[in-house]
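Pasting data16.txt here (compact mmCIF, C-alpha atoms):
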```
# COMPACT_ATOMS: atom_id res chain seq x y z
CA LEU G 576 -0.04 -13.67 27.05
CA GLY G 577 2.05 -16.37 28.56
CA GLY G 578 3.69 -17.65 25.40
CA ILE G 579 7.29 -18.51 24.64
CA GLN G 580 7.68 -14.98 23.28
CA THR G 581 7.34 -13.55 26.80
CA SER G 582 8.72 -16.39 28.92
CA ASN G 583 11.32 -14.02 30.38
CA GLU G 584 8.49 -12.70 32.58
CA ILE G 585 8.67 -15.80 34.76
CA ALA G 586 11.69 -14.17 36.41
CA ASP G 587 9.23 -11.82 38.12
CA SER G 588 7.86 -14.81 40.04
CA LEU G 589 11.19 -16.35 41.03
CA ARG G 590 13.60 -15.66 43.85
CA PHE G 591 17.20 -14.89 43.08
CA GLU G 592 18.96 -15.07 46.44
CA ASN G 593 21.89 -17.44 45.95
CA VAL G 594 24.26 -18.61 43.24
CA LYS G 595 22.14 -21.70 42.51
CA ASP G 596 19.11 -19.51 41.75
CA TYR G 597 21.12 -17.69 39.08
CA GLU G 598 22.59 -20.93 37.74
CA ASP G 599 19.08 -22.35 37.48
CA TRP G 600 18.10 -19.31 35.40
CA LEU G 601 21.11 -19.93 33.17
CA ALA G 602 19.97 -23.54 32.73
CA ARG G 603 16.58 -22.21 31.64
CA LEU G 604 18.24 -19.90 29.12
CA ARG G 605 20.25 -22.77 27.69
CA ALA G 606 17.18 -25.01 27.45
CA LEU G 607 14.84 -22.41 25.98
CA PRO G 608 15.85 -22.98 22.33
CA GLY G 609 14.65 -26.58 22.68
CA GLN G 610 11.32 -25.36 24.01
CA ILE G 611 11.05 -22.88 21.15
CA ASP G 612 11.60 -25.75 18.68
CA GLN G 613 8.91 -27.79 20.46
CA ASP G 614 6.51 -24.84 20.36
CA ILE G 615 7.13 -24.35 16.64
CA GLU G 616 6.36 -28.02 16.05
CA ALA G 617 3.19 -27.75 18.16
CA MET G 618 2.11 -24.70 16.14
CA ARG G 619 2.75 -26.62 12.92
CA GLU G 620 0.59 -29.45 14.23
CA GLY G 621 -2.11 -26.90 15.05
CA MET G 622 -1.86 -25.57 11.51
CA ARG G 623 -2.26 -29.09 10.08
CA ALA G 624 -5.30 -29.69 12.29
CA GLY G 625 -6.82 -26.27 11.59
CA ILE G 626 -6.61 -25.29 15.25
CA LEU G 627 -5.18 -21.79 15.44
CA HIS G 628 -5.81 -18.63 17.37
CA PRO G 629 -7.48 -15.81 15.45
CA LYS G 630 -5.26 -13.43 13.53
CA VAL G 631 -6.45 -10.42 15.55
CA VAL G 632 -4.98 -12.00 18.71
CA MET G 633 -1.81 -13.33 17.11
CA ALA G 634 -1.02 -10.03 15.38
CA ARG G 635 0.55 -8.82 18.63
CA VAL G 636 3.06 -11.66 18.86
CA PRO G 637 5.63 -10.48 16.27
CA GLY G 638 6.22 -7.33 18.33
CA GLN G 639 6.67 -9.43 21.46
CA ILE G 640 9.19 -11.65 19.69
CA ALA G 641 10.98 -8.57 18.34
CA ARG G 642 11.64 -7.40 21.92
CA GLN G 643 13.76 -10.53 22.35
CA LEU G 644 15.89 -9.76 19.28
CA VAL G 645 18.48 -7.43 20.76
CA GLU G 646 21.89 -6.49 19.37
CA ASN G 647 23.53 -6.43 22.79
CA PRO G 648 22.81 -9.48 25.01
CA SER G 649 22.84 -7.16 28.04
CA ASP G 650 19.72 -5.50 26.62
CA SER G 651 17.78 -8.76 26.62
CA PRO G 652 14.82 -9.06 28.99
CA TYR G 653 16.40 -12.36 30.08
CA PHE G 654 19.49 -10.51 31.31
CA ARG G 655 17.62 -8.15 33.63
CA ILE G 656 18.21 -10.31 36.73
CA PHE G 657 21.97 -10.07 36.19
CA GLU G 658 21.89 -6.29 36.43
CA ASP G 659 21.01 -6.16 40.10
CA PHE G 660 22.38 -9.18 41.96
CA HIS G 661 21.27 -10.18 45.42
CA ARG G 662 23.61 -8.71 48.04
CA ASP G 663 24.85 -12.21 49.06
CA ILE G 664 26.28 -13.04 45.63
CA PRO G 665 30.09 -12.66 45.64
CA GLY G 666 31.67 -10.40 43.03
CA ALA G 667 33.51 -13.23 41.24
CA ASP G 668 30.27 -15.16 40.88
CA ARG G 669 28.49 -12.06 39.63
CA ALA G 670 31.02 -11.61 36.84
CA ARG G 671 30.98 -15.32 35.92
CA LEU G 672 27.18 -15.52 35.91
CA ALA G 673 26.72 -12.34 33.88
CA THR G 674 29.27 -13.50 31.30
CA ALA G 675 27.57 -16.89 31.04
CA ALA G 676 24.18 -15.19 30.62
CA ARG G 677 25.44 -12.91 27.85
CA ASP G 678 26.95 -15.92 26.09
CA ALA G 679 23.74 -17.99 26.36
CA ILE G 680 21.62 -15.09 25.14
CA ALA G 681 23.91 -14.30 22.20
CA SER G 682 24.70 -17.84 21.09
CA ARG G 683 21.44 -19.64 21.85
CA LEU G 684 18.46 -17.42 22.66
CA ILE G 685 18.73 -14.76 19.99
CA PRO G 686 19.18 -17.31 17.16
CA ALA G 687 16.24 -19.33 18.51
CA TYR G 688 14.04 -16.24 18.66
CA ARG G 689 15.10 -15.30 15.11
CA LYS G 690 13.97 -18.75 14.00
CA LEU G 691 10.67 -18.27 15.85
CA ALA G 692 10.16 -14.82 14.33
CA ASP G 693 10.77 -16.16 10.83
CA PHE G 694 8.39 -19.10 11.30
CA PHE G 695 5.74 -17.00 12.96
CA GLU G 696 5.68 -14.24 10.39
CA ARG G 697 6.10 -16.40 7.28
CA GLU G 698 4.02 -19.45 8.18
CA TYR G 699 1.94 -19.23 11.32
CA LEU G 700 0.41 -15.74 11.26
CA PRO G 701 -0.68 -16.02 7.60
CA ALA G 702 -2.42 -19.32 8.46
CA CYS G 703 -4.37 -17.82 11.38
CA PRO G 704 -8.06 -17.34 10.65
CA GLY G 705 -9.71 -13.96 10.38
CA GLN G 706 -12.77 -15.16 12.29
CA VAL G 707 -12.95 -15.09 16.07
CA GLY G 708 -14.56 -17.84 18.14
CA LEU G 709 -14.27 -21.51 18.87
CA CYS G 710 -17.19 -22.17 16.54
CA HIS G 711 -14.83 -21.63 13.59
CA LEU G 712 -12.46 -24.39 14.66
CA PRO G 713 -12.83 -28.11 14.05
CA ASN G 714 -15.04 -29.51 16.82
CA GLY G 715 -15.44 -25.94 18.06
CA LYS G 716 -18.96 -26.33 19.41
CA ALA G 717 -17.85 -29.21 21.64
CA TRP G 718 -14.86 -27.17 22.85
CA TYR G 719 -17.14 -24.26 23.66
CA ALA G 720 -19.54 -26.53 25.57
CA PHE G 721 -16.60 -27.90 27.57
CA ALA G 722 -15.34 -24.38 28.30
CA ALA G 723 -18.83 -23.32 29.44
CA LYS G 724 -19.11 -26.34 31.73
CA ARG G 725 -15.66 -25.75 33.20
CA SER G 726 -16.28 -22.03 33.71
CA THR G 727 -19.74 -22.32 35.20
CA THR G 728 -19.54 -25.64 37.11
CA THR G 729 -22.95 -26.63 35.74
CA ASP G 730 -24.19 -29.16 33.25
CA LEU G 731 -26.13 -26.51 31.34
CA THR G 732 -25.51 -26.06 27.65
CA PRO G 733 -24.11 -22.79 26.32
CA GLU G 734 -27.57 -21.97 24.94
CA GLN G 735 -29.21 -22.58 28.32
CA ILE G 736 -26.63 -20.32 29.98
CA HIS G 737 -27.26 -17.67 27.33
CA GLN G 738 -31.00 -17.82 27.98
CA ILE G 739 -30.38 -17.31 31.72
CA GLY G 740 -28.37 -14.22 30.83
CA LEU G 741 -31.13 -12.85 28.64
CA ARG G 742 -33.73 -13.41 31.38
CA GLU G 743 -31.47 -11.67 33.92
CA ILE G 744 -31.04 -8.66 31.64
CA ALA G 745 -34.81 -8.45 31.23
CA ARG G 746 -35.35 -8.78 34.99
CA VAL G 747 -32.79 -6.08 35.87
CA ARG G 748 -34.13 -3.76 33.16
CA ALA G 749 -37.67 -4.19 34.52
CA GLU G 750 -36.45 -3.32 38.03
CA MET G 751 -34.68 -0.24 36.66
CA GLU G 752 -37.84 0.84 34.83
CA LYS G 753 -39.86 0.38 38.02
CA ILE G 754 -37.45 2.58 39.99
CA ARG G 755 -37.36 5.13 37.19
CA ASN G 756 -41.16 5.35 37.29
CA GLU G 757 -41.27 5.48 41.11
CA VAL G 758 -38.89 8.43 41.29
CA LYS G 759 -40.44 10.02 38.18
CA PHE G 760 -37.11 10.22 36.36
CA ASP G 761 -37.68 11.45 32.80
CA GLY G 762 -34.27 10.43 31.44
CA THR G 763 -33.29 7.24 29.66
CA LEU G 764 -32.04 4.11 31.42
CA PRO G 765 -28.41 4.80 30.48
CA GLN G 766 -28.75 8.31 31.98
```
Here is the file; what I need is its structure written in the form of structure tokens.
Amino acid sequence: LGGIQTSNEIADSLRFENVKDYEDWLARLRALPGQIDQDIEAMREGMRAGILHPKVVMARVPGQIARQLVENPSDSPYFRIFEDFHRDIPGADRARLATAARDAIASRLIPAYRKLADFFEREYLPACPGQVGLCHLPNGKAWYAFAAKRSTTTDLTPEQIHQIGLREIARVRAEMEKIRNEVKFDGTLPQ
């Protein structure tokens, strides 16, 4: 979620009400190949450092990239906003903007996504680990402790948090058993 392979989805959060809004989107399309190159370099750095997402998570990405590899630029997810212009956009601007979008998609985006697909499938995905969890990454225990602190706003260690969870499960289960006995329910706790 949220990677360069699905960056077209940002359009869902933007307003397209005037010509500048559409021109800004075109500027994004033209700049995106540079971002893809930067992302590839960042992934290569992650590979060198041994910091990669698990293969089970990354296995979905090739299909997401493939959705960007269209034959007709008008079928690109990036073109969607040019299919239904805001009512205030003059016809001449609509034609100019749509033509510019098709050109940017065909000449810049699709080749950049092909490059990403090739890198991802040949280099990155094969390097991704089969194991899941921060503990398998360099300095993973420290990363996990930081994530636990950030997510819980406490200074407790992950083990201390885990122990609280185990005590809470035992407490809730005891309360359930008490109620089960009080109402003389003969079934199991899951029932």
Please identify every residue of range 587-625 of chain G that has at least one atom no farther than 10 Å from an atom of range 638-653 of chain G, counting all atoms listed in the file, and for each give the shortest atom pair and the distance in Å to one decimal, arranged by chain then increasing number, as CSV.
```
residue,atom,partner,partner_atom,distance
G:Trp600,CA,G:Tyr653,CA,8.9
G:Leu601,CA,G:Tyr653,CA,9.4
G:Arg603,CA,G:Tyr653,CA,10.0
G:Leu604,CA,G:Tyr653,CA,7.8
```
Among listed residues G:Thr763, G:Glu620, G:Pro637, G:Arg725, nearest Ile579 in chain G (using all atoms listed in the file): G:Pro637
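If you measure from each of G:Leu672, G:Ala634, G:Leu576, G:Val707 to Ile656 in chain G using only C-alpha atoms, the closest one turns out to be G:Leu672.
If only C-alpha atoms are the atoms counted, then among G:Ala602, G:Leu764, G:Ile585, G:Leu712 the closest residue to Met622 in chain G is G:Leu712.
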Determine, counting all atoms listed in the file, which protein, DNA and RNA residues have an atom within 10 Å of an atom of Arg683 in chain G; residues of the same chain fewer than 2 positions away are not included. Present the result as a PyMOL selection string. chain G and resi 604-609+677-681+685-688
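Candidate residues G:Asp612, G:Asp668, G:Glu743, G:Glu658 were compared for distance to Val594 in chain G, and the nearest is G:Asp668, using all atoms listed in the file.
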Within 10 Å of Ile626 in chain G using only C-alpha atoms, minus same-chain residues under 6 positions, as a ChimeraX atom specification: /G:618-620,702-704,709,711-715
Show which residues sit within 12 Å of Ile664 in chain G, as an MDAnalysis selection string. Count only C-alpha atoms, and ignore same-chain residues fewer than 4 positions away. chainID G and resid 591:598 657 659:660 668:673
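Computed from the coordinates, the CA of Asp587 in chain G to CA of Ile615 in chain G distance equals 25.0 Å.
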Have a look at CA of Ala720 in chain G and CA of Glu734 in chain G and let me know their distance in Å, one decimal.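 About the pair CA of Ala720 in chain G and CA of Glu734 in chain G: they are 9.3 Å apart.
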How many Å lie between CA of Arg748 in chain G and CA of Asp730 in chain G, rounded to one decimal?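 Interatomic distance, CA of Arg748 in chain G to CA of Asp730 in chain G: 27.3 Å.
Of the residues listed (G:Lys753, G:Ala624, G:Val636, G:Ala617), G:Val636 shows the shortest atom-to-atom separation from Leu700 in chain G; distances use only C-alpha atoms.
Remark: for Lys630 in chain G, the closest of the candidate residues G:Asp663, G:Glu616, G:Glu696, G:Glu584 is G:Glu696 (distances computed over all atoms listed in the file).
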